[in-house]
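Pasting my_file-v9.cif here (mmCIF, C-alpha atoms and all ligand atoms):
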```
data_run
loop_
_atom_site.label_atom_id
_atom_site.label_comp_id
_atom_site.auth_asym_id
_atom_site.auth_seq_id
_atom_site.Cartn_x
_atom_site.Cartn_y
_atom_site.Cartn_z
CA MET A 1364 11.33 107.30 110.86
CA ARG A 1365 12.44 106.60 107.29
CA ASN A 1366 14.62 109.11 105.45
CA LEU A 1367 13.36 108.68 101.93
CA SER A 1368 14.70 109.42 98.47
CA LEU A 1369 11.79 109.15 96.05
CA LEU A 1370 12.82 108.42 92.45
CA GLY A 1371 9.89 109.32 90.16
CA ALA A 1372 8.18 111.72 92.55
CA THR A 1373 5.84 113.17 89.92
CA GLY A 1374 4.33 109.87 88.74
CA SER A 1375 1.38 107.85 89.98
CA ILE A 1376 3.40 105.91 92.59
CA GLY A 1377 5.35 109.07 93.48
CA ARG A 1378 2.15 111.04 94.15
CA SER A 1379 0.66 108.22 96.26
CA THR A 1380 3.90 108.08 98.27
CA LEU A 1381 3.89 111.83 98.90
CA ASP A 1382 0.25 111.61 99.97
CA LEU A 1383 1.36 109.11 102.63
CA VAL A 1384 4.23 111.38 103.71
CA ARG A 1385 1.71 114.21 104.21
CA ARG A 1386 -0.55 111.96 106.27
CA TYR A 1387 2.17 110.23 108.32
CA PRO A 1388 4.94 112.82 108.82
CA GLU A 1389 6.14 110.98 111.93
CA GLU A 1390 6.89 107.90 109.75
CA VAL A 1391 8.69 109.27 106.70
CA ARG A 1392 10.83 112.33 105.94
CA VAL A 1393 11.65 113.18 102.33
CA VAL A 1394 15.37 113.83 101.74
CA GLY A 1395 15.54 113.44 97.95
CA LEU A 1396 13.17 113.81 94.98
CA THR A 1397 13.48 113.24 91.23
CA ALA A 1398 11.43 113.77 88.07
CA HIS A 1399 12.08 113.64 84.34
CA GLN A 1400 10.33 116.54 82.59
CA GLN A 1401 7.41 117.64 84.77
CA VAL A 1402 9.38 120.57 86.08
CA ALA A 1403 6.43 122.51 87.56
CA ALA A 1404 5.23 119.46 89.49
CA LEU A 1405 8.77 118.79 90.79
CA ALA A 1406 9.22 122.43 91.81
CA ALA A 1407 5.94 122.28 93.77
CA VAL A 1408 6.96 119.23 95.80
CA VAL A 1409 10.49 120.58 96.36
CA THR A 1410 8.92 123.71 97.83
CA GLU A 1411 6.54 121.65 99.96
CA PHE A 1412 8.91 118.94 101.27
CA ARG A 1413 12.27 120.81 101.23
CA PRO A 1414 14.48 117.76 100.50
CA ALA A 1415 18.26 117.99 100.75
CA VAL A 1416 18.63 117.33 97.01
CA ALA A 1417 16.24 117.27 94.03
CA ALA A 1418 17.14 116.09 90.52
CA ILE A 1419 15.54 116.70 87.16
CA ALA A 1420 16.56 113.97 84.70
CA ASP A 1421 16.38 116.26 81.67
CA PRO A 1422 19.35 118.64 82.17
CA ALA A 1423 17.85 121.26 79.82
CA LEU A 1424 15.14 121.86 82.45
CA LEU A 1425 17.49 122.62 85.37
CA PRO A 1426 17.42 126.44 84.85
CA GLU A 1427 13.60 126.40 84.83
CA LEU A 1428 13.57 124.25 87.99
CA MET A 1429 15.89 126.74 89.71
CA GLU A 1430 13.74 129.66 88.63
CA ARG A 1431 10.51 128.02 89.78
CA VAL A 1432 11.89 126.93 93.17
CA GLY A 1433 13.64 130.25 93.87
CA ALA A 1434 15.76 130.73 96.99
CA THR A 1435 16.08 127.34 98.69
CA ALA A 1436 18.30 125.19 100.85
CA THR A 1437 17.63 122.27 98.50
CA GLU A 1438 20.51 121.43 96.18
CA LEU A 1439 19.10 121.26 92.65
CA VAL A 1440 20.89 118.92 90.24
CA ALA A 1441 20.25 117.27 86.86
CA GLY A 1442 20.93 114.37 84.52
CA PRO A 1443 22.00 110.78 85.28
CA ALA A 1444 24.58 111.95 87.84
CA GLY A 1445 21.89 113.97 89.59
CA LEU A 1446 19.56 110.96 89.81
CA GLU A 1447 22.42 108.90 91.20
CA GLN A 1448 23.23 111.59 93.75
CA VAL A 1449 19.64 111.47 95.06
CA ALA A 1450 19.69 107.64 95.11
CA THR A 1451 22.88 107.53 97.21
CA LEU A 1452 22.47 110.52 99.55
CA PRO A 1453 24.23 109.89 102.88
CA GLU A 1454 21.17 111.18 104.80
CA CYS A 1455 18.88 108.70 102.98
CA ASP A 1456 18.25 105.19 104.35
CA THR A 1457 15.46 104.17 101.96
CA VAL A 1458 15.01 104.66 98.23
CA LEU A 1459 11.57 104.22 96.69
CA ALA A 1460 12.27 103.31 93.06
CA ALA A 1461 9.25 104.59 91.10
CA ILE A 1462 10.75 105.70 87.80
CA VAL A 1463 8.97 103.96 84.93
CA GLY A 1464 10.89 101.57 82.68
CA GLY A 1465 14.56 100.94 82.04
CA ALA A 1466 15.36 104.57 82.84
CA GLY A 1467 15.13 103.60 86.51
CA LEU A 1468 17.76 100.89 86.38
CA ALA A 1469 20.99 102.86 86.85
CA PRO A 1470 19.89 104.99 89.85
CA THR A 1471 18.17 102.00 91.50
CA LEU A 1472 21.33 99.90 91.13
CA ALA A 1473 23.31 102.79 92.59
CA ALA A 1474 21.00 102.79 95.62
CA ALA A 1475 21.46 99.02 96.00
CA ARG A 1476 25.24 99.36 95.79
CA ALA A 1477 25.18 102.16 98.38
CA GLY A 1478 23.44 99.86 100.89
CA LYS A 1479 20.08 101.64 100.89
CA ASP A 1480 16.86 99.77 101.60
CA VAL A 1481 15.18 99.69 98.18
CA ALA A 1482 11.37 99.77 98.02
CA LEU A 1483 10.89 98.62 94.45
CA ALA A 1484 7.99 99.70 92.23
CA ASN A 1485 10.20 99.87 89.10
CA LYS A 1486 9.77 96.20 88.16
CA GLU A 1487 11.46 96.75 84.78
CA ALA A 1488 14.80 97.25 86.58
CA LEU A 1489 14.59 93.79 88.15
CA VAL A 1490 13.42 92.17 84.91
CA MET A 1491 16.34 93.69 82.96
CA ALA A 1492 19.05 93.04 85.50
CA GLY A 1493 17.78 90.45 87.99
CA ASP A 1494 21.02 88.68 88.90
CA LEU A 1495 23.14 91.84 88.94
CA PHE A 1496 20.48 93.69 90.95
CA LEU A 1497 20.31 90.96 93.61
CA ALA A 1498 24.11 90.76 93.76
CA GLU A 1499 24.35 94.55 94.28
CA MET A 1500 21.67 94.39 96.99
CA ALA A 1501 23.54 91.59 98.77
CA ALA A 1502 26.88 93.42 98.52
CA GLY A 1503 25.35 96.71 99.72
CA GLY A 1504 23.50 95.03 102.61
CA GLY A 1505 20.18 96.89 102.24
CA ARG A 1506 16.76 95.24 102.14
CA LEU A 1507 14.80 94.79 98.91
CA ILE A 1508 11.11 95.36 99.62
CA PRO A 1509 8.50 94.96 96.88
CA VAL A 1510 5.97 97.71 96.23
CA ASP A 1511 4.13 96.09 93.33
CA SER A 1512 0.81 95.09 94.91
CA GLU A 1513 1.08 91.41 93.95
CA HIS A 1514 4.64 91.08 95.21
CA SER A 1515 3.85 93.01 98.36
CA ALA A 1516 1.02 90.51 98.90
CA VAL A 1517 3.37 87.53 98.48
CA TYR A 1518 5.99 89.22 100.69
CA GLN A 1519 3.36 89.77 103.40
CA CYS A 1520 2.05 86.17 103.11
CA LEU A 1521 5.59 84.79 103.41
CA GLN A 1522 6.27 86.47 106.76
CA GLY A 1523 6.69 83.54 109.15
CA CYS A 1524 6.81 80.91 106.35
CA ARG A 1525 9.82 78.74 105.60
CA ALA A 1526 11.01 79.14 101.99
CA GLU A 1527 11.18 75.36 101.52
CA ASP A 1528 7.46 75.06 102.34
CA VAL A 1529 6.35 77.23 99.40
CA ARG A 1530 4.86 75.23 96.51
CA ARG A 1531 3.13 77.83 94.33
CA ILE A 1532 3.07 81.58 94.03
CA ILE A 1533 -0.17 82.61 92.37
CA LEU A 1534 -0.13 86.16 91.07
CA THR A 1535 -3.53 87.68 90.46
CA ALA A 1536 -4.22 89.78 87.36
CA SER A 1537 -7.16 92.12 86.93
CA GLY A 1538 -7.24 91.16 83.25
CA GLY A 1539 -7.27 94.83 82.23
CA PRO A 1540 -10.03 96.67 80.36
CA PHE A 1541 -10.58 93.95 77.73
CA HIS A 1542 -10.96 90.89 79.95
CA GLY A 1543 -14.54 89.63 79.81
CA HIS A 1544 -15.26 91.58 76.63
CA PRO A 1545 -14.85 89.07 73.80
CA GLU A 1546 -17.00 91.35 71.64
CA ILE A 1547 -14.20 93.95 71.52
CA ASP A 1548 -12.03 93.59 68.41
CA LEU A 1549 -8.52 94.04 69.80
CA THR A 1550 -7.07 94.90 66.37
CA THR A 1551 -8.90 98.23 66.41
CA VAL A 1552 -8.82 99.29 70.09
CA THR A 1553 -7.75 102.87 70.70
CA ARG A 1554 -5.23 104.36 73.07
CA ALA A 1555 -8.07 105.73 75.24
CA GLN A 1556 -9.79 102.33 75.45
CA ALA A 1557 -6.55 100.59 76.41
CA LEU A 1558 -5.72 103.23 79.05
CA ALA A 1559 -9.12 102.91 80.77
CA HIS A 1560 -8.22 100.43 83.50
CA PRO A 1561 -11.30 99.19 85.38
CA ASN A 1562 -9.77 99.14 88.91
CA TRP A 1563 -6.42 100.90 89.16
CA SER A 1564 -5.38 104.47 88.39
CA MET A 1565 -1.78 104.24 87.11
CA GLY A 1566 0.76 105.74 84.72
CA GLU A 1567 0.27 105.22 80.97
CA LYS A 1568 2.94 102.58 80.39
CA ILE A 1569 1.79 100.19 83.12
CA SER A 1570 -1.84 100.76 82.09
CA ILE A 1571 -1.06 99.48 78.58
CA ASP A 1572 0.98 96.63 80.08
CA SER A 1573 -2.11 95.71 82.12
CA ALA A 1574 -4.29 95.72 79.01
CA THR A 1575 -1.89 93.41 77.09
CA LEU A 1576 -1.15 91.29 80.22
CA MET A 1577 2.57 92.09 79.74
CA ASN A 1578 2.40 93.59 83.21
CA LYS A 1579 1.84 90.06 84.50
CA GLY A 1580 4.56 88.77 82.16
CA LEU A 1581 7.03 91.18 83.78
CA GLU A 1582 5.69 90.29 87.22
CA VAL A 1583 6.31 86.54 86.90
CA ILE A 1584 9.98 87.35 86.23
CA GLU A 1585 10.00 89.84 89.11
CA ALA A 1586 8.48 87.19 91.43
CA ARG A 1587 11.10 84.63 90.44
CA HIS A 1588 13.91 87.00 91.43
CA LEU A 1589 12.24 88.13 94.63
CA PHE A 1590 10.91 84.88 96.02
CA ILE A 1591 12.36 81.73 94.45
CA SER A 1592 15.97 80.75 94.92
CA ASP A 1593 17.86 78.63 92.39
CA GLY A 1594 16.89 74.98 92.61
CA ALA A 1595 13.72 75.59 94.65
CA GLU A 1596 10.61 73.63 93.64
CA ALA A 1597 8.09 76.45 93.86
CA THR A 1598 6.26 77.46 90.68
CA ILE A 1599 4.70 80.74 89.61
CA GLU A 1600 1.21 80.88 88.13
CA VAL A 1601 -1.25 83.59 87.17
CA VAL A 1602 -5.01 83.74 87.68
CA VAL A 1603 -7.31 86.47 86.45
CA HIS A 1604 -9.22 88.06 89.31
CA PRO A 1605 -11.21 90.96 87.88
CA GLU A 1606 -12.10 92.56 91.24
CA SER A 1607 -8.43 93.24 92.21
CA ILE A 1608 -9.16 92.52 95.88
CA VAL A 1609 -7.01 89.41 96.41
CA HIS A 1610 -3.58 90.77 95.54
CA SER A 1611 -1.83 87.37 95.37
CA ILE A 1612 -1.73 83.93 96.95
CA VAL A 1613 0.94 81.58 98.30
CA GLU A 1614 0.34 77.82 98.39
CA LEU A 1615 2.32 75.84 100.94
CA ARG A 1616 3.54 72.25 101.10
CA ASP A 1617 0.56 71.12 103.21
CA GLY A 1618 -1.96 72.37 100.61
CA GLN A 1619 -2.91 75.47 102.60
CA MET A 1620 -3.11 78.82 100.85
CA LEU A 1621 -2.37 82.28 102.23
CA ALA A 1622 -3.73 85.37 100.51
CA GLN A 1623 -3.60 89.13 101.11
CA LEU A 1624 -6.71 91.20 100.45
CA GLY A 1625 -7.35 94.91 100.27
CA ARG A 1626 -8.82 97.64 98.13
CA PRO A 1627 -6.99 98.38 94.87
CA ASP A 1628 -5.07 101.32 96.33
CA MET A 1629 -1.28 101.46 95.96
CA ARG A 1630 -0.98 103.36 99.22
CA GLY A 1631 -1.46 99.99 101.00
CA PRO A 1632 1.68 98.30 99.61
CA ILE A 1633 3.68 101.55 99.63
CA ALA A 1634 2.93 102.11 103.33
CA TYR A 1635 3.83 98.50 104.14
CA ALA A 1636 7.13 98.84 102.26
CA LEU A 1637 7.98 101.93 104.31
CA THR A 1638 6.78 100.86 107.78
CA GLY A 1639 6.45 97.05 107.71
CA PRO A 1640 6.25 94.81 109.60
CA ARG A 1641 4.64 97.59 111.67
CA ARG A 1642 1.22 98.74 110.41
CA VAL A 1643 0.03 102.32 110.58
CA ALA A 1644 -3.65 103.07 111.12
CA GLY A 1645 -6.13 103.88 108.38
CA VAL A 1646 -3.91 103.77 105.28
CA THR A 1647 -6.68 102.55 102.96
CA GLU A 1648 -10.45 102.38 103.18
CA ARG A 1649 -11.77 99.22 104.78
CA LEU A 1650 -13.23 96.46 102.69
CA ASP A 1651 -16.82 95.17 102.96
CA LEU A 1652 -16.48 91.52 101.95
CA THR A 1653 -20.24 91.01 101.80
CA ALA A 1654 -20.36 93.61 99.01
CA THR A 1655 -17.49 92.03 97.09
CA PRO A 1656 -17.93 88.75 95.21
CA LEU A 1657 -14.55 87.31 94.22
CA HIS A 1658 -13.93 85.50 90.91
CA PHE A 1659 -10.90 83.66 89.52
CA THR A 1660 -10.37 82.38 85.98
CA ALA A 1661 -7.45 81.18 83.88
CA PRO A 1662 -5.78 83.82 81.67
CA ASP A 1663 -6.46 83.65 77.92
CA LEU A 1664 -2.96 83.32 76.46
CA ASP A 1665 -4.26 83.24 72.88
CA ARG A 1666 -6.00 86.60 73.15
CA PHE A 1667 -3.24 88.08 75.35
CA PRO A 1668 0.03 86.47 74.11
CA CYS A 1669 2.24 88.92 76.04
CA LEU A 1670 1.81 86.81 79.17
CA ARG A 1671 2.96 83.74 77.23
CA LEU A 1672 6.04 85.74 76.15
CA GLY A 1673 6.73 86.66 79.78
CA PHE A 1674 6.65 82.99 80.80
CA ALA A 1675 8.85 82.10 77.79
CA ALA A 1676 11.45 84.73 78.76
CA LEU A 1677 11.39 83.48 82.35
CA ALA A 1678 11.93 79.87 81.24
CA ALA A 1679 14.71 80.75 78.78
CA GLY A 1680 16.46 83.23 81.09
CA GLY A 1681 19.80 84.61 79.87
CA PRO A 1682 19.32 87.72 77.72
CA LEU A 1683 15.60 87.21 77.00
CA PRO A 1684 13.99 88.99 80.00
CA CYS A 1685 16.00 92.12 79.15
CA VAL A 1686 15.06 91.84 75.46
CA LEU A 1687 11.40 91.29 76.36
CA ASN A 1688 11.41 94.42 78.49
CA GLY A 1689 13.20 96.71 76.01
CA ALA A 1690 11.09 95.57 73.06
CA ASN A 1691 7.93 95.97 75.12
CA GLU A 1692 8.81 99.55 76.08
CA THR A 1693 9.38 100.39 72.41
CA ALA A 1694 6.15 98.71 71.28
CA VAL A 1695 4.07 100.36 74.02
CA ALA A 1696 5.51 103.80 73.17
CA ALA A 1697 4.62 103.21 69.50
CA PHE A 1698 1.08 102.16 70.43
CA LEU A 1699 0.67 105.24 72.67
CA ALA A 1700 1.87 107.41 69.76
CA ASN A 1701 -0.75 105.80 67.48
CA ARG A 1702 2.03 104.22 65.38
CA LEU A 1703 1.21 100.57 66.12
CA PRO A 1704 -2.02 98.56 66.53
CA PHE A 1705 -2.66 97.05 69.96
CA THR A 1706 -2.41 93.47 68.68
CA ALA A 1707 0.97 94.16 67.06
CA ILE A 1708 2.60 94.81 70.47
CA PRO A 1709 3.26 91.07 71.16
CA ALA A 1710 4.33 90.52 67.54
CA VAL A 1711 7.00 93.23 67.88
CA ILE A 1712 8.30 91.73 71.13
CA GLU A 1713 8.32 88.21 69.71
CA THR A 1714 10.31 89.40 66.68
CA ALA A 1715 13.01 90.91 68.91
CA MET A 1716 13.12 87.83 71.16
CA ALA A 1717 13.40 85.48 68.16
CA ALA A 1718 16.29 87.52 66.71
CA CYS A 1719 18.31 87.38 69.92
CA THR A 1720 21.46 85.27 69.87
CA CYS A 1721 23.22 87.52 72.38
CA PRO A 1722 25.04 86.11 75.42
CA PRO A 1723 23.56 86.77 78.88
CA PRO A 1724 24.57 90.27 80.01
CA ALA A 1725 26.57 90.44 83.23
CA THR A 1726 27.48 94.09 83.81
CA LEU A 1727 25.37 97.25 83.76
CA ASP A 1728 27.04 98.31 80.50
CA GLU A 1729 26.22 94.95 78.90
CA ILE A 1730 22.62 95.16 80.12
CA LEU A 1731 22.21 98.67 78.73
CA ALA A 1732 23.78 97.60 75.40
CA LEU A 1733 21.38 94.64 75.17
CA ASP A 1734 18.47 96.93 76.04
CA SER A 1735 19.48 99.28 73.18
CA TRP A 1736 19.79 96.31 70.82
CA ALA A 1737 16.29 95.10 71.75
CA ARG A 1738 14.81 98.59 71.28
CA ALA A 1739 16.48 98.88 67.84
CA ARG A 1740 15.10 95.47 66.73
CA ALA A 1741 11.67 96.43 68.05
CA SER A 1742 11.78 99.81 66.23
CA GLU A 1743 12.57 98.02 62.96
CA ALA A 1744 9.63 95.66 63.56
CA VAL A 1745 7.32 98.60 64.35
CA ALA A 1746 8.35 100.28 61.09
CA LYS A 1747 7.46 97.11 59.15
CA MET A 1748 4.13 96.55 60.92
CA ARG A 1749 2.64 100.03 60.58
P1 LIG B 1 4.28 107.26 85.83
O1 LIG B 1 4.41 107.31 84.37
O2 LIG B 1 3.04 107.77 86.45
O3 LIG B 1 5.51 108.05 86.51
C1 LIG B 1 6.81 107.78 86.10
C2 LIG B 1 7.81 108.59 86.89
O4 LIG B 1 9.11 108.34 86.33
C3 LIG B 1 7.59 110.11 86.79
O5 LIG B 1 8.05 110.73 87.96
C4 LIG B 1 8.49 110.48 85.60
O6 LIG B 1 8.89 111.86 85.61
C5 LIG B 1 9.68 109.58 85.86
N1 LIG B 1 10.41 109.29 84.63
C6 LIG B 1 9.89 108.93 83.42
N2 LIG B 1 10.87 108.78 82.51
C7 LIG B 1 12.04 109.06 83.15
C8 LIG B 1 13.40 109.13 82.72
N3 LIG B 1 13.77 108.87 81.45
N4 LIG B 1 14.33 109.45 83.64
C9 LIG B 1 13.98 109.72 84.92
N5 LIG B 1 12.72 109.71 85.37
C10 LIG B 1 11.75 109.37 84.49
O7 LIG B 1 4.55 105.75 86.26
P2 LIG B 1 3.92 104.94 87.48
O8 LIG B 1 4.04 105.73 88.74
O9 LIG B 1 2.61 104.38 87.09
O10 LIG B 1 4.90 103.68 87.54
C11 LIG B 1 6.21 103.79 88.05
C12 LIG B 1 6.77 102.39 88.22
O11 LIG B 1 6.02 101.70 89.21
C13 LIG B 1 6.69 101.53 86.95
O12 LIG B 1 7.81 100.71 86.89
C14 LIG B 1 5.44 100.69 87.16
O13 LIG B 1 5.50 99.45 86.50
C15 LIG B 1 5.48 100.50 88.68
N6 LIG B 1 4.18 100.25 89.29
C16 LIG B 1 3.22 101.19 89.19
C17 LIG B 1 1.96 100.99 89.76
C18 LIG B 1 0.89 102.04 89.72
O14 LIG B 1 -0.16 101.86 90.34
N7 LIG B 1 1.08 103.16 89.02
C19 LIG B 1 1.66 99.71 90.44
C20 LIG B 1 2.77 98.82 90.52
C21 LIG B 1 3.99 99.07 89.95
P3 LIG B 1 7.98 112.98 84.85
O15 LIG B 1 6.66 112.97 85.58
O16 LIG B 1 8.75 114.22 85.03
O17 LIG B 1 7.85 112.51 83.43
#
```

Please go through the file and, once you have read it, give me the structure as structure tokens.
Amino acid sequence: MRNLSLLGATGSIGRSTLDLVRRYPEEVRVVGLTAHQQVAALAAVVTEFRPAVAAIADPALLPELMERVGATATELVAGPAGLEQVATLPECDTVLAAIVGGAGLAPTLAAARAGKDVALANKEALVMAGDLFLAEMAAGGGRLIPVDSEHSAVYQCLQGCRAEDVRRIILTASGGPFHGHPEIDLTTVTRAQALAHPNWSMGEKISIDSATLMNKGLEVIEARHLFISDGAEATIEVVVHPESIVHSIVELRDGQMLAQLGRPDMRGPIAYALTGPRRVAGVTERLDLTATPLHFTAPDLDRFPCLRLGFAALAAGGPLPCVLNGANETAVAAFLANRLPFTAIPAVIETAMAACTCPPPATLDEILALDSWARARASEAVAKMR
């Protein structure tokens, strides 16, 4: 039985996780929940799951949360300290980090430091703070378990493999809504078109990242931190696989490849992160392979330059992954607010990366300062490109 604190309970990953808790109550008990501003949705799940503590990130909404929940044994808290309290609860052994973006970094690091097992969906936290994050996990002694479907696939394939035998990690990408549609003029695509992912139902930010291929750019950096130690020979590559059935592939020294397949349903990797290596029955619908042709093609880095930027940040290291992430969050928010064309997203990120002469950040304060710097440069670039 896992005692779970769920950071980002009201989002897409949060809702899928709570669906699993309802279906497998003997596997997971919720002890902590958080949300940002969806106070009614948080109040509903607090009433249903009765955690020890629930936090609303926006402190102005704490009175409304208290009013909506009414008399309760749950301690209701707010703000950054509240999120941290939920992430470090003594009765919690596992934290599922499902806040979107850099906002998830501080509470997820707190969970790592407190020795919790961290099931990580919040890839941005690892991209921003990879070395610090891994050092905090090692010092705390908890396990870091990927939830991202591609990284869960690699993690599952690597069970029983020796690290020195890994030659290539091949992350699959759906390609997003515009792959295979060369007739679509990307300079004029709308918010609604970019949000309409063909296979996955996800939050808005990751949906746009999937459309630009920045999601894969973030994921190559995430994979490096999770699976490849310094000095190892293994490489990371990306193939576009529009069916989203093969979630990723590992190639070994002898030329053999291992892959993990399943329906595009995040409940598969979430359940594995919470119960693995044990499997629970019937998490996702079964797959009929005879009804599912599988295709693989190379990504188009000219049409989707964000993936090229992700590889460039990975190769350069130092401050650039953090700058890439902060500038991307700013550019995506501007696109979602109809303040920036779709094709200007990579241009904004590239401008911030090119302007960076900052030293590599080492502490959380330095990482947050660099993140603010990147967002400010990106905001300036957005203002010029409108
Ligand atoms: P959503 O946008 O659906 O949900 C985000 C969650 O984070 C919500 O609970 C939201 O609260 C909370 N949140 C947002 N801003 C803040 C903030 N400033 N402080 C505290 N909490 C905040 O995102 P997803 O569930 O789609 O994604 C979550 C993470 O998982 C991302 O890092 C994403 O890349 C990753 N991921 C998602 C996948 C998916 O299928 N959705 C697949 C693989 C990875 P509120 O609702 O109150 O705003």

Please give me, as a list in words, the residues lying within 6 Å of ligand LIG 1 (chain B) when counting only C-alpha atoms and all ligand atoms.
Gly1371, Ala1372, Thr1373, Gly1374, Ser1375, Ile1376, Gly1377, Ala1398, His1399, Gln1400, Gln1401, Ala1420, Ala1461, Ile1462, Val1463, Gly1464, Ala1466, Ala1484, Asn1485, Lys1486, Glu1487, Asp1511, Met1565, Gly1566, Glu1567, Ile1569 and Met1629 of chain A

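Closest approach to Lys1479 in chain A among A:Gly1543, A:Gly1465, A:Pro1388, A:Gly1504: A:Gly1504, based on all atoms listed in the file.
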
Item to check | 10 Å contact set for range 1734-1745 of chain A, all atoms listed in the file, chain neighbours under 6 positions out, as number ranges by chain | outcome: A: 1465, 1491, 1682-1694, 1697-1698, 1702-1704, 1707-1708, 1710-1716, 1718-1719, 1721, 1724, 1728

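CA of Met1429 in chain A to CA of Glu1411 in chain A spans 14.8 Å [interatomic distance, one decimal].
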
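Between CA of Asp1665 in chain A and CA of Val1602 in chain A the separation is 14.8 Å.
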
From (23.5, 107.4, 83.6), in the file's coordinates, out to 9 Å: which residues are reached, counting only C-alpha atoms? Answer as an mmCIF file with C-alpha atoms, keeping the file's coordinate frame.
```
data_model
loop_
_atom_site.group_PDB
_atom_site.id
_atom_site.type_symbol
_atom_site.label_atom_id
_atom_site.label_comp_id
_atom_site.auth_asym_id
_atom_site.auth_seq_id
_atom_site.Cartn_x
_atom_site.Cartn_y
_atom_site.Cartn_z
ATOM 1 C CA GLY A 1442 20.930 114.370 84.520
ATOM 2 C CA PRO A 1443 22.000 110.780 85.280
ATOM 3 C CA ALA A 1444 24.580 111.950 87.840
ATOM 4 C CA LEU A 1446 19.560 110.960 89.810
ATOM 5 C CA GLU A 1447 22.420 108.900 91.200
ATOM 6 C CA ALA A 1466 15.360 104.570 82.840
ATOM 7 C CA ALA A 1469 20.990 102.860 86.850
ATOM 8 C CA PRO A 1470 19.890 104.990 89.850
#
```

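Using all atoms listed in the file for every distance, the candidate list A:Arg1392, A:Asn1578, A:Ala1644, A:Gly1538 yields A:Asn1578 as the residue closest to Gly1673 in chain A.
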
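Among the candidates A:Ser1564, A:Thr1435, A:Thr1706, A:Asn1366, the residue lying nearest to Phe1667 in chain A is A:Thr1706 (atoms considered: only C-alpha atoms).
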
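Distances from A:Val1408, A:Val1402, A:Val1449, A:Val1440 to Ser1368 in chain A were compared using only C-alpha atoms, and the smallest one belongs to A:Val1449.
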